[in-house]
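**Q** Supplied structure: model27.cif, mmCIF, C-alpha atoms (C1' of nucleotides).
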```cif
data_structure
#
loop_
_atom_site.group_PDB
_atom_site.id
_atom_site.type_symbol
_atom_site.label_atom_id
_atom_site.label_comp_id
_atom_site.auth_asym_id
_atom_site.auth_seq_id
_atom_site.Cartn_x
_atom_site.Cartn_y
_atom_site.Cartn_z
ATOM 1 C CA MET A 1116 -3.385 -16.031 -3.140
ATOM 2 C CA TYR A 1117 -6.354 -13.876 -3.855
ATOM 3 C CA GLU A 1118 -8.446 -13.760 -6.930
ATOM 4 C CA ARG A 1119 -8.140 -10.293 -8.257
ATOM 5 C CA LYS A 1120 -11.241 -8.757 -9.681
ATOM 6 C CA ILE A 1121 -9.556 -5.486 -10.350
ATOM 7 C CA PRO A 1122 -7.261 -5.877 -13.316
ATOM 8 C CA LEU A 1123 -3.608 -5.214 -12.706
ATOM 9 C CA ASN A 1124 -1.685 -3.210 -15.196
ATOM 10 C CA LEU A 1125 2.055 -3.357 -15.320
ATOM 11 C CA ASN A 1126 3.175 -0.551 -17.540
ATOM 12 C CA CYS A 1127 6.400 0.591 -16.020
ATOM 13 C CA GLY A 1128 9.033 -0.420 -13.516
ATOM 14 C CA LEU A 1129 7.183 1.498 -10.871
ATOM 15 C CA ASP A 1130 4.160 -0.728 -11.332
ATOM 16 C CA LEU A 1131 6.254 -3.857 -11.150
ATOM 17 C CA ILE A 1132 8.066 -3.013 -7.968
ATOM 18 C CA GLY A 1133 4.830 -1.789 -6.509
ATOM 19 C CA GLU A 1134 3.336 -5.194 -7.103
ATOM 20 C CA VAL A 1135 6.178 -6.970 -5.375
ATOM 21 C CA LEU A 1136 6.425 -4.663 -2.378
ATOM 22 C CA TYR A 1137 2.699 -4.327 -1.896
ATOM 23 C CA GLY A 1138 1.730 -5.478 1.568
ATOM 24 C CA LYS A 1139 1.804 -3.647 4.832
ATOM 25 C CA TRP A 1140 4.814 -5.418 6.300
ATOM 26 C CA LYS A 1141 6.826 -6.624 3.351
ATOM 27 C CA ILE A 1142 9.445 -3.944 3.363
ATOM 28 C CA ARG A 1143 10.004 -4.331 7.050
ATOM 29 C CA LEU A 1144 10.158 -8.098 6.726
ATOM 30 C CA LEU A 1145 12.872 -7.826 4.117
ATOM 31 C CA TRP A 1146 14.686 -5.355 6.291
ATOM 32 C CA PHE A 1147 14.640 -7.455 9.406
ATOM 33 C CA ILE A 1148 15.559 -10.602 7.568
ATOM 34 C CA ASN A 1149 18.486 -8.748 6.117
ATOM 35 C CA GLU A 1150 19.495 -7.687 9.620
ATOM 36 C CA GLY A 1151 19.667 -11.311 10.611
ATOM 37 C CA HIS A 1152 16.311 -11.879 12.268
ATOM 38 C CA LYS A 1153 15.405 -14.910 10.336
ATOM 39 C CA ARG A 1154 13.017 -16.909 12.411
ATOM 40 C CA PRO A 1155 9.273 -16.366 12.414
ATOM 41 C CA SER A 1156 9.148 -15.827 16.153
ATOM 42 C CA GLU A 1157 11.838 -13.177 15.928
ATOM 43 C CA LEU A 1158 10.100 -11.410 13.118
ATOM 44 C CA GLN A 1159 6.865 -11.536 15.011
ATOM 45 C CA ARG A 1160 8.519 -9.936 18.003
ATOM 46 C CA LYS A 1161 9.997 -7.211 15.828
ATOM 47 C CA ILE A 1162 6.680 -6.544 14.139
ATOM 48 C CA SER A 1163 4.409 -7.097 17.049
ATOM 49 C CA ASP A 1164 1.478 -5.252 15.499
ATOM 50 C CA ALA A 1165 1.043 -7.848 12.821
ATOM 51 C CA SER A 1166 -0.604 -11.160 13.419
ATOM 52 C CA ARG A 1167 1.129 -14.380 12.623
ATOM 53 C CA ARG A 1168 -1.309 -15.135 9.910
ATOM 54 C CA VAL A 1169 -0.561 -11.973 7.984
ATOM 55 C CA LEU A 1170 3.152 -12.316 8.480
ATOM 56 C CA ASN A 1171 3.020 -15.816 7.051
ATOM 57 C CA MET A 1172 0.962 -14.648 4.122
ATOM 58 C CA GLN A 1173 3.351 -11.907 3.219
ATOM 59 C CA LEU A 1174 6.377 -14.119 3.740
ATOM 60 C CA LYS A 1175 4.866 -16.607 1.362
ATOM 61 C CA GLU A 1176 4.387 -13.942 -1.255
ATOM 62 C CA LEU A 1177 7.953 -12.743 -0.859
ATOM 63 C CA GLU A 1178 8.984 -16.319 -1.366
ATOM 64 C CA GLN A 1179 6.914 -16.671 -4.503
ATOM 65 C CA HIS A 1180 8.476 -13.500 -5.815
ATOM 66 C CA GLU A 1181 11.847 -15.091 -5.172
ATOM 67 C CA LEU A 1182 12.998 -12.407 -2.822
ATOM 68 C CA ILE A 1183 13.461 -14.783 0.094
ATOM 69 C CA THR A 1184 13.878 -18.489 0.663
ATOM 70 C CA LYS A 1185 12.499 -20.592 3.439
ATOM 71 C CA VAL A 1186 14.322 -23.442 5.109
ATOM 72 C CA ILE A 1187 12.491 -25.866 7.331
ATOM 73 C CA TYR A 1188 14.598 -27.865 9.759
ATOM 74 C CA ALA A 1189 13.249 -31.264 10.704
ATOM 75 C CA VAL A 1190 13.814 -30.864 14.410
ATOM 76 C CA VAL A 1191 11.721 -30.705 17.534
ATOM 77 C CA PRO A 1192 10.610 -28.116 18.278
ATOM 78 C CA PRO A 1193 10.196 -27.015 14.667
ATOM 79 C CA LYS A 1194 12.627 -24.481 13.348
ATOM 80 C CA VAL A 1195 12.239 -22.280 10.289
ATOM 81 C CA GLU A 1196 14.599 -19.736 8.822
ATOM 82 C CA TYR A 1197 14.182 -17.217 6.086
ATOM 83 C CA SER A 1198 16.984 -15.707 4.069
ATOM 84 C CA LEU A 1199 17.243 -13.174 1.317
ATOM 85 C CA THR A 1200 17.954 -14.480 -2.132
ATOM 86 C CA ASP A 1201 20.539 -12.721 -4.254
ATOM 87 C CA PHE A 1202 17.639 -11.155 -6.042
ATOM 88 C CA GLY A 1203 16.176 -9.970 -2.786
ATOM 89 C CA LYS A 1204 19.474 -8.515 -1.714
ATOM 90 C CA THR A 1205 19.425 -6.151 -4.650
ATOM 91 C CA LEU A 1206 16.468 -4.470 -3.000
ATOM 92 C CA ILE A 1207 18.257 -3.735 0.228
ATOM 93 C CA PRO A 1208 20.050 -0.577 -0.892
ATOM 94 C CA ILE A 1209 16.744 0.863 -2.001
ATOM 95 C CA ILE A 1210 15.016 -0.024 1.233
ATOM 96 C CA ALA A 1211 17.942 1.485 3.084
ATOM 97 C CA ALA A 1212 17.475 4.682 1.103
ATOM 98 C CA LEU A 1213 13.794 4.759 1.979
ATOM 99 C CA GLY A 1214 14.499 4.307 5.656
ATOM 100 C CA GLN A 1215 17.255 6.875 5.525
ATOM 101 C CA TRP A 1216 14.962 9.449 4.006
ATOM 102 C CA GLY A 1217 12.432 8.784 6.711
ATOM 103 C CA ASP A 1218 15.037 9.108 9.410
ATOM 104 C CA ASP A 1219 16.486 12.263 7.930
ATOM 105 C CA ASN A 1220 13.117 13.932 7.968
ATOM 106 C CA GLU A 1221 11.755 12.356 11.070
ATOM 107 C CA THR A 1222 10.708 15.451 12.988
ATOM 108 C CA ARG A 1223 9.084 17.077 10.020
ATOM 109 C CA LEU A 1224 7.254 13.962 8.961
ATOM 110 C CA ARG A 1225 6.097 13.188 12.434
ATOM 111 C CA SER A 1226 4.438 16.558 12.865
ATOM 112 C CA LEU A 1227 2.942 16.511 9.370
ATOM 113 C CA ILE A 1228 1.419 13.114 9.855
ATOM 114 C CA LEU A 1229 0.090 13.792 13.301
ATOM 115 C CA LYS A 1230 -1.356 17.137 12.236
ATOM 116 C CA GLU A 1231 -3.604 15.394 9.790
ATOM 117 C CA ASN A 1232 -4.927 12.868 12.272
ATOM 118 C CA VAL A 1233 -6.557 15.265 14.686
ATOM 119 C CA MET B 848 -9.249 12.710 5.822
ATOM 120 C CA TYR B 849 -10.336 9.544 7.478
ATOM 121 C CA GLU B 850 -10.807 8.830 11.113
ATOM 122 C CA ARG B 851 -8.403 6.099 11.851
ATOM 123 C CA LYS B 852 -9.590 3.370 14.100
ATOM 124 C CA ILE B 853 -6.434 1.441 13.670
ATOM 125 C CA PRO B 854 -3.634 3.131 15.576
ATOM 126 C CA LEU B 855 -0.641 4.142 13.573
ATOM 127 C CA ASN B 856 2.770 3.467 14.925
ATOM 128 C CA LEU B 857 5.747 5.343 13.670
ATOM 129 C CA ASN B 858 8.786 3.651 15.036
ATOM 130 C CA CYS B 859 11.351 4.041 12.343
ATOM 131 C CA GLY B 860 12.053 5.885 9.133
ATOM 132 C CA LEU B 861 10.501 3.055 7.216
ATOM 133 C CA ASP B 862 7.202 3.632 8.969
ATOM 134 C CA LEU B 863 7.326 7.338 8.316
ATOM 135 C CA ILE B 864 7.977 7.145 4.620
ATOM 136 C CA GLY B 865 5.417 4.416 4.351
ATOM 137 C CA GLU B 866 2.826 6.728 5.773
ATOM 138 C CA VAL B 867 3.646 9.468 3.305
ATOM 139 C CA LEU B 868 3.801 7.282 0.225
ATOM 140 C CA TYR B 869 0.827 5.136 1.107
ATOM 141 C CA GLY B 870 -1.804 5.371 -1.593
ATOM 142 C CA LYS B 871 -2.128 3.490 -4.805
ATOM 143 C CA TRP B 872 -1.116 6.338 -7.093
ATOM 144 C CA LYS B 873 1.043 8.622 -5.017
ATOM 145 C CA ILE B 874 4.413 7.526 -6.255
ATOM 146 C CA ARG B 875 3.277 7.763 -9.808
ATOM 147 C CA LEU B 876 1.762 11.172 -9.200
ATOM 148 C CA LEU B 877 5.034 12.463 -7.813
ATOM 149 C CA TRP B 878 6.842 10.947 -10.728
ATOM 150 C CA PHE B 879 4.646 12.460 -13.388
ATOM 151 C CA ILE B 880 4.590 15.830 -11.729
ATOM 152 C CA ASN B 881 8.350 15.719 -11.668
ATOM 153 C CA GLU B 882 8.338 14.931 -15.366
ATOM 154 C CA GLY B 883 6.416 18.104 -15.981
ATOM 155 C CA HIS B 884 2.848 16.854 -16.214
ATOM 156 C CA LYS B 885 1.407 19.298 -13.787
ATOM 157 C CA ARG B 886 -2.229 19.742 -14.625
ATOM 158 C CA PRO B 887 -4.973 17.485 -13.327
ATOM 159 C CA SER B 888 -6.207 16.610 -16.778
ATOM 160 C CA GLU B 889 -2.720 15.582 -17.828
ATOM 161 C CA LEU B 890 -2.245 13.447 -14.759
ATOM 162 C CA GLN B 891 -5.592 11.860 -15.323
ATOM 163 C CA ARG B 892 -4.612 10.972 -18.859
ATOM 164 C CA LYS B 893 -1.348 9.476 -17.640
ATOM 165 C CA ILE B 894 -3.069 7.482 -14.940
ATOM 166 C CA SER B 895 -6.233 6.627 -16.747
ATOM 167 C CA ASP B 896 -7.134 3.795 -14.419
ATOM 168 C CA ALA B 897 -7.703 6.095 -11.498
ATOM 169 C CA SER B 898 -10.811 8.157 -11.088
ATOM 170 C CA ARG B 899 -10.643 11.902 -10.693
ATOM 171 C CA ARG B 900 -11.912 11.659 -7.191
ATOM 172 C CA VAL B 901 -9.121 9.384 -6.023
ATOM 173 C CA LEU B 902 -6.509 11.409 -7.820
ATOM 174 C CA ASN B 903 -7.720 14.545 -6.090
ATOM 175 C CA MET B 904 -7.714 12.845 -2.729
ATOM 176 C CA GLN B 905 -4.179 11.664 -3.064
ATOM 177 C CA LEU B 906 -2.985 14.958 -4.438
ATOM 178 C CA LYS B 907 -4.486 16.658 -1.440
ATOM 179 C CA GLU B 908 -2.621 14.341 0.875
ATOM 180 C CA LEU B 909 0.629 14.930 -0.926
ATOM 181 C CA GLU B 910 -0.037 18.610 -0.501
ATOM 182 C CA GLN B 911 -0.676 18.231 3.215
ATOM 183 C CA HIS B 912 2.549 16.329 3.525
ATOM 184 C CA GLU B 913 4.260 19.260 1.837
ATOM 185 C CA LEU B 914 5.560 17.211 -1.026
ATOM 186 C CA ILE B 915 3.723 19.223 -3.666
ATOM 187 C CA THR B 916 2.113 22.634 -3.984
ATOM 188 C CA LYS B 917 -1.004 23.546 -5.821
ATOM 189 C CA VAL B 918 -1.494 26.771 -7.732
ATOM 190 C CA ILE B 919 -4.920 27.814 -8.883
ATOM 191 C CA TYR B 920 -5.054 30.341 -11.692
ATOM 192 C CA ALA B 921 -8.081 32.631 -11.758
ATOM 193 C CA VAL B 922 -8.820 32.195 -15.432
ATOM 194 C CA VAL B 923 -11.565 30.789 -17.595
ATOM 195 C CA PRO B 924 -11.520 27.915 -18.108
ATOM 196 C CA PRO B 925 -10.034 27.078 -14.721
ATOM 197 C CA LYS B 926 -6.389 26.117 -14.618
ATOM 198 C CA VAL B 927 -4.563 24.303 -11.868
ATOM 199 C CA GLU B 928 -0.942 23.331 -11.634
ATOM 200 C CA TYR B 929 0.924 21.148 -9.206
ATOM 201 C CA SER B 930 4.637 21.328 -8.521
ATOM 202 C CA LEU B 931 7.075 19.495 -6.340
ATOM 203 C CA THR B 932 8.303 21.318 -3.291
ATOM 204 C CA ASP B 933 11.985 21.210 -2.474
ATOM 205 C CA PHE B 934 11.071 18.640 0.099
ATOM 206 C CA GLY B 935 9.237 16.585 -2.466
ATOM 207 C CA LYS B 936 12.178 16.775 -4.828
ATOM 208 C CA THR B 937 14.341 14.957 -2.328
ATOM 209 C CA LEU B 938 12.171 11.913 -2.929
ATOM 210 C CA ILE B 939 12.733 11.817 -6.651
ATOM 211 C CA PRO B 940 16.085 10.006 -6.591
ATOM 212 C CA ILE B 941 14.538 7.286 -4.484
ATOM 213 C CA ILE B 942 11.529 6.927 -6.730
ATOM 214 C CA ALA B 943 13.880 6.819 -9.669
ATOM 215 C CA ALA B 944 15.771 3.997 -7.981
ATOM 216 C CA LEU B 945 12.550 2.087 -7.420
ATOM 217 C CA GLY B 946 11.524 2.457 -11.036
ATOM 218 C CA GLN B 947 14.991 1.535 -12.197
ATOM 219 C CA TRP B 948 14.943 -1.655 -10.194
ATOM 220 C CA GLY B 949 11.598 -2.533 -11.686
ATOM 221 C CA ASP B 950 12.851 -1.848 -15.180
ATOM 222 C CA ASP B 951 16.068 -3.785 -14.650
ATOM 223 C CA ASN B 952 14.134 -6.846 -13.609
ATOM 224 C CA GLU B 953 11.149 -6.408 -15.834
ATOM 225 C CA THR B 954 11.082 -9.809 -17.509
ATOM 226 C CA ARG B 955 11.652 -11.713 -14.319
ATOM 227 C CA LEU B 956 9.090 -9.740 -12.364
ATOM 228 C CA ARG B 957 6.521 -9.959 -15.073
ATOM 229 C CA SER B 958 6.634 -13.724 -15.163
ATOM 230 C CA LEU B 959 6.691 -14.033 -11.391
ATOM 231 C CA ILE B 960 3.691 -11.833 -10.965
ATOM 232 C CA LEU B 961 1.688 -13.403 -13.730
ATOM 233 C CA LYS B 962 2.480 -16.897 -12.545
ATOM 234 C CA GLU B 963 0.794 -16.179 -9.254
ATOM 235 C CA ASN B 964 -2.385 -14.834 -10.791
ATOM 236 C CA VAL B 965 -3.458 -17.946 -12.602
ATOM 237 C "C1'" DC C 715 7.882 -23.401 17.771
ATOM 238 C "C1'" DT C 716 5.265 -23.694 13.775
ATOM 239 C "C1'" DG C 717 1.274 -23.137 10.555
ATOM 240 C "C1'" DT C 718 -3.472 -22.734 8.838
ATOM 241 C "C1'" DA C 719 -8.808 -22.091 9.058
ATOM 242 C "C1'" DT C 720 -12.569 -19.302 10.131
ATOM 243 C "C1'" DC C 721 -14.770 -15.183 10.734
ATOM 244 C "C1'" DC C 722 -15.054 -10.240 10.495
ATOM 245 C "C1'" DT C 723 -14.292 -5.252 9.731
ATOM 246 C "C1'" DA C 724 -11.979 -0.938 8.208
ATOM 247 C "C1'" DC C 725 -11.021 1.568 4.458
ATOM 248 C "C1'" DG C 726 -9.060 2.473 -0.107
ATOM 249 C "C1'" DA C 727 -10.837 3.096 -4.193
ATOM 250 C "C1'" DG C 728 -14.357 2.672 -8.245
ATOM 251 C "C1'" DA C 729 -18.749 4.661 -10.573
ATOM 252 C "C1'" DT C 730 -21.766 8.179 -11.306
ATOM 253 C "C1'" DA C 731 -23.698 12.547 -11.311
ATOM 254 C "C1'" DC C 732 -23.698 17.221 -10.118
ATOM 255 C "C1'" DT C 733 -21.773 22.304 -9.358
ATOM 256 C "C1'" DG C 734 -18.676 26.135 -10.305
ATOM 257 C "C1'" DC D 265 -11.459 22.525 -16.930
ATOM 258 C "C1'" DA D 266 -11.871 21.562 -12.102
ATOM 259 C "C1'" DG D 267 -13.869 19.686 -7.789
ATOM 260 C "C1'" DT D 268 -16.884 17.318 -4.547
ATOM 261 C "C1'" DA D 269 -20.978 14.235 -2.769
ATOM 262 C "C1'" DT D 270 -22.952 9.943 -2.404
ATOM 263 C "C1'" DC D 271 -23.151 5.266 -2.743
ATOM 264 C "C1'" DT D 272 -20.982 0.927 -3.106
ATOM 265 C "C1'" DC D 273 -17.708 -2.919 -2.877
ATOM 266 C "C1'" DG D 274 -13.390 -5.738 -2.811
ATOM 267 C "C1'" DT D 275 -10.082 -7.147 -0.026
ATOM 268 C "C1'" DA D 276 -6.031 -6.684 3.011
ATOM 269 C "C1'" DG D 277 -5.362 -7.438 7.309
ATOM 270 C "C1'" DG D 278 -6.920 -8.068 12.396
ATOM 271 C "C1'" DA D 279 -8.686 -11.666 16.164
ATOM 272 C "C1'" DT D 280 -9.113 -15.991 17.659
ATOM 273 C "C1'" DA D 281 -8.588 -20.778 18.049
ATOM 274 C "C1'" DC D 282 -6.829 -24.938 16.798
ATOM 275 C "C1'" DA D 283 -3.272 -28.550 14.665
ATOM 276 C "C1'" DG D 284 1.421 -30.497 13.555
#
```
The structure given in the file should be rewritten as structure tokens.
**A**
Amino acid sequence: MYERKIPLNLNCGLDLIGEVLYGKWKIRLLWFINEGHKRPSELQRKISDASRRVLNMQLKELEQHELITKVIYAVVPPKVEYSLTDFGKTLIPIIAALGQWGDDNETRLRSLILKENV
Amino acid sequence: MYERKIPLNLNCGLDLIGEVLYGKWKIRLLWFINEGHKRPSELQRKISDASRRVLNMQLKELEQHELITKVIYAVVPPKVEYSLTDFGKTLIPIIAALGQWGDDNETRLRSLILKENV
DNA sequence: CTGTATCCTACGAGATACTG
DNA sequence: CAGTATCTCGTAGGATACAG
């Protein structure tokens, strides 16, 4: 993907998961795929701030990390679908917990974050 | 902190928590502080790859987000201690889950990650 | 509907050196 | 021991345009 010039150190589980989830949209991609939005165009619509290029890049990384699989249908027009692997599914509860925490503290977080961006 | 030129959008809980945890060392900082390593020099030793400057920046953000508090003791030599707020403590179970997942899949992750950095 | 190639910029983060 | 200032750079990710 990229040639790292900064060495990566993988001491603990936190480092490892950090490596796999690193990327602005990865968590959301996993989440939406889990919800059943499997096609690139759907994902793009859901995450409209990201460009197709970046989405594809991060999807490819998720694939390499064996969290999702990609199926290409030989039809016209082209059709592609992503799915979570069993391995990827084990991440869903954790992502759910993250989202839950954010939802639970929405008001507080919103004001804290906005306060800092004056 | 910085003047954002890229707009931030906070649609869901996932966005919100992402904003708060964004920063290369934040999760680890929270983790180590929770473990009882409260002083800057200790944290620096634990996270020896990060420079003091970056550590301080991220600690300050965590403070602004009310996840930690900072106590400065008026002694010589200077002494500073960070602690989790009650709010910050609510994140610990989630961070623990993240680390656990990483530990559980250590071998697999390690090979996946290394494979990609050839 | 897909994907990739090119170009470009914001910004997170490192290094160093200095003050209290 | 603690903190901040300055300078610098790598790179993730945005924009656009084209190709299967």
**Q** Could I have chain A as a compact mmCIF listing (two decimals) with C-alpha atoms, in the frame of the given file after it is superimposed on chain B by least squares, pairing all C-alpha atoms in sequence order?
**A**
```
# COMPACT_ATOMS: atom_id res chain seq x y z
CA MET A 1116 -9.12 12.72 5.71
CA TYR A 1117 -10.21 9.50 7.27
CA GLU A 1118 -10.69 8.71 10.87
CA ARG A 1119 -8.32 5.94 11.64
CA LYS A 1120 -9.54 3.27 13.96
CA ILE A 1121 -6.40 1.26 13.63
CA PRO A 1122 -3.65 2.98 15.56
CA LEU A 1123 -0.64 4.06 13.57
CA ASN A 1124 2.77 3.45 14.96
CA LEU A 1125 5.73 5.36 13.70
CA ASN A 1126 8.78 3.64 15.06
CA CYS A 1127 11.33 4.01 12.35
CA GLY A 1128 12.03 5.90 9.15
CA LEU A 1129 10.47 3.09 7.21
CA ASP A 1130 7.17 3.66 8.98
CA LEU A 1131 7.31 7.37 8.34
CA ILE A 1132 7.97 7.18 4.64
CA GLY A 1133 5.42 4.44 4.38
CA GLU A 1134 2.84 6.77 5.82
CA VAL A 1135 3.63 9.50 3.34
CA LEU A 1136 3.80 7.31 0.25
CA TYR A 1137 0.80 5.21 1.16
CA GLY A 1138 -1.80 5.43 -1.57
CA LYS A 1139 -2.09 3.54 -4.79
CA TRP A 1140 -1.07 6.37 -7.09
CA LYS A 1141 1.07 8.66 -4.99
CA ILE A 1142 4.42 7.55 -6.24
CA ARG A 1143 3.32 7.79 -9.81
CA LEU A 1144 1.79 11.20 -9.20
CA LEU A 1145 5.05 12.49 -7.83
CA TRP A 1146 6.86 10.97 -10.75
CA PHE A 1147 4.68 12.49 -13.40
CA ILE A 1148 4.61 15.86 -11.74
CA ASN A 1149 8.37 15.75 -11.67
CA GLU A 1150 8.37 14.96 -15.38
CA GLY A 1151 6.43 18.12 -16.01
CA HIS A 1152 2.86 16.88 -16.23
CA LYS A 1153 1.43 19.29 -13.82
CA ARG A 1154 -2.20 19.72 -14.65
CA PRO A 1155 -4.94 17.48 -13.32
CA SER A 1156 -6.17 16.58 -16.77
CA GLU A 1157 -2.69 15.55 -17.83
CA LEU A 1158 -2.20 13.45 -14.76
CA GLN A 1159 -5.55 11.85 -15.29
CA ARG A 1160 -4.58 10.94 -18.83
CA LYS A 1161 -1.31 9.46 -17.63
CA ILE A 1162 -3.02 7.48 -14.91
CA SER A 1163 -6.18 6.61 -16.70
CA ASP A 1164 -7.07 3.76 -14.36
CA ALA A 1165 -7.65 6.09 -11.47
CA SER A 1166 -10.75 8.16 -11.09
CA ARG A 1167 -10.59 11.87 -10.68
CA ARG A 1168 -11.89 11.65 -7.19
CA VAL A 1169 -9.08 9.42 -6.00
CA LEU A 1170 -6.46 11.42 -7.81
CA ASN A 1171 -7.68 14.56 -6.10
CA MET A 1172 -7.69 12.85 -2.74
CA GLN A 1173 -4.15 11.66 -3.06
CA LEU A 1174 -2.97 14.98 -4.45
CA LYS A 1175 -4.47 16.68 -1.45
CA GLU A 1176 -2.62 14.37 0.88
CA LEU A 1177 0.65 14.96 -0.93
CA GLU A 1178 -0.02 18.63 -0.49
CA GLN A 1179 -0.68 18.27 3.21
CA HIS A 1180 2.55 16.35 3.53
CA GLU A 1181 4.26 19.28 1.84
CA LEU A 1182 5.57 17.24 -1.02
CA ILE A 1183 3.74 19.26 -3.65
CA THR A 1184 2.11 22.65 -3.97
CA LYS A 1185 -1.01 23.57 -5.81
CA VAL A 1186 -1.52 26.77 -7.75
CA ILE A 1187 -4.95 27.81 -8.89
CA TYR A 1188 -5.11 30.32 -11.72
CA ALA A 1189 -8.14 32.57 -11.76
CA VAL A 1190 -8.88 32.13 -15.43
CA VAL A 1191 -11.64 30.70 -17.55
CA PRO A 1192 -11.59 27.84 -18.08
CA PRO A 1193 -10.06 27.03 -14.70
CA LYS A 1194 -6.43 26.08 -14.63
CA VAL A 1195 -4.56 24.26 -11.88
CA GLU A 1196 -0.93 23.29 -11.65
CA TYR A 1197 0.94 21.15 -9.21
CA SER A 1198 4.64 21.34 -8.54
CA LEU A 1199 7.07 19.51 -6.34
CA THR A 1200 8.30 21.33 -3.29
CA ASP A 1201 11.99 21.21 -2.47
CA PHE A 1202 11.07 18.64 0.11
CA GLY A 1203 9.25 16.60 -2.47
CA LYS A 1204 12.18 16.78 -4.83
CA THR A 1205 14.34 14.97 -2.33
CA LEU A 1206 12.16 11.94 -2.92
CA ILE A 1207 12.73 11.82 -6.64
CA PRO A 1208 16.07 10.01 -6.58
CA ILE A 1209 14.52 7.30 -4.47
CA ILE A 1210 11.52 6.95 -6.72
CA ALA A 1211 13.88 6.82 -9.67
CA ALA A 1212 15.75 3.99 -7.98
CA LEU A 1213 12.52 2.10 -7.43
CA GLY A 1214 11.50 2.48 -11.04
CA GLN A 1215 14.97 1.54 -12.19
CA TRP A 1216 14.91 -1.65 -10.19
CA GLY A 1217 11.57 -2.52 -11.68
CA ASP A 1218 12.80 -1.84 -15.17
CA ASP A 1219 16.00 -3.78 -14.65
CA ASN A 1220 14.08 -6.83 -13.60
CA GLU A 1221 11.09 -6.40 -15.81
CA THR A 1222 11.00 -9.79 -17.49
CA ARG A 1223 11.57 -11.69 -14.31
CA LEU A 1224 9.03 -9.72 -12.34
CA ARG A 1225 6.45 -9.93 -15.05
CA SER A 1226 6.56 -13.70 -15.16
CA LEU A 1227 6.64 -14.03 -11.37
CA ILE A 1228 3.64 -11.82 -10.92
CA LEU A 1229 1.61 -13.37 -13.67
CA LYS A 1230 2.43 -16.88 -12.48
CA GLU A 1231 0.72 -16.18 -9.22
CA ASN A 1232 -2.45 -14.83 -10.77
CA VAL A 1233 -3.52 -17.93 -12.63
```
**Q** Evaluate the PyMOL selection byres ((chain B) within 9 of (chain A)) and record the selected residues as a VMD selection string, following the chain and residue labels used in the document.
**A** chain B and resid 848 to 851 856 to 857 859 to 867 871 874 to 875 896 911 to 913 937 to 938 941 to 953 956 to 957 959 to 960 963 to 965
**Q** Would you mind reading off the distance between C1' of DT270 (chain D) and C1' of DC725 (chain C), one decimal, in Å?
**A**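 Taking C1' of DT270 (chain D) as the start and C1' of DC725 (chain C) as the end point, the length is 16.1 Å.
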**Q** Evaluating the PyMOL selection byres ((chain C) within 10 of (chain B)) on the displayed file yields which residues, as a VMD selection string?
**A** chain C and resid 724 to 729 734
**Q** Hey, can you check how far CA of Leu906 (chain B) sits from CA of Lys873 (chain B)?
**A**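 Distance between the two atoms: 7.5 Å.
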**Q** Return as CSV the residues of chain B lying at most 10 Å from chain D, together with the closest atom-to-atom pair for each and the distance in Å to one decimal, counting all atoms listed in the file, with rows in chain order and ascending residue number.
**A**
```
residue,atom,partner,partner_atom,distance
B:Ile853,CA,D:DG278,C1',9.6
B:Arg886,CA,D:DC265,C1',9.9
B:Pro887,CA,D:DA266,C1',8.1
B:Ser888,CA,D:DC265,C1',7.9
B:Arg899,CA,D:DG267,C1',8.9
B:Arg900,CA,D:DT268,C1',8.0
B:Asn903,CA,D:DG267,C1',8.2
B:Ile919,CA,D:DA266,C1',9.9
B:Val923,CA,D:DC265,C1',8.3
B:Pro924,CA,D:DC265,C1',5.5
B:Pro925,CA,D:DC265,C1',5.3
B:Lys926,CA,D:DC265,C1',6.6
B:Val927,CA,D:DA266,C1',7.8
```
**Q** As an exercise, work out the distance from CA of Ser1198 (chain A) to CA of Lys1153 (chain A) in Å and give it to one decimal place.
**A**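 Between these atoms lies a distance of 6.5 Å.
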**Q** Please give the centre and size of the box around region 273-277 of chain D (axis-aligned, containing every atom listed in the file, 6 Å added per side), with values in Å to one decimal and written as JSON.
**A**
```
{"center_x": -11.5, "center_y": -5.2, "center_z": 2.2, "size_x": 24.3, "size_y": 16.5, "size_z": 22.2}
```
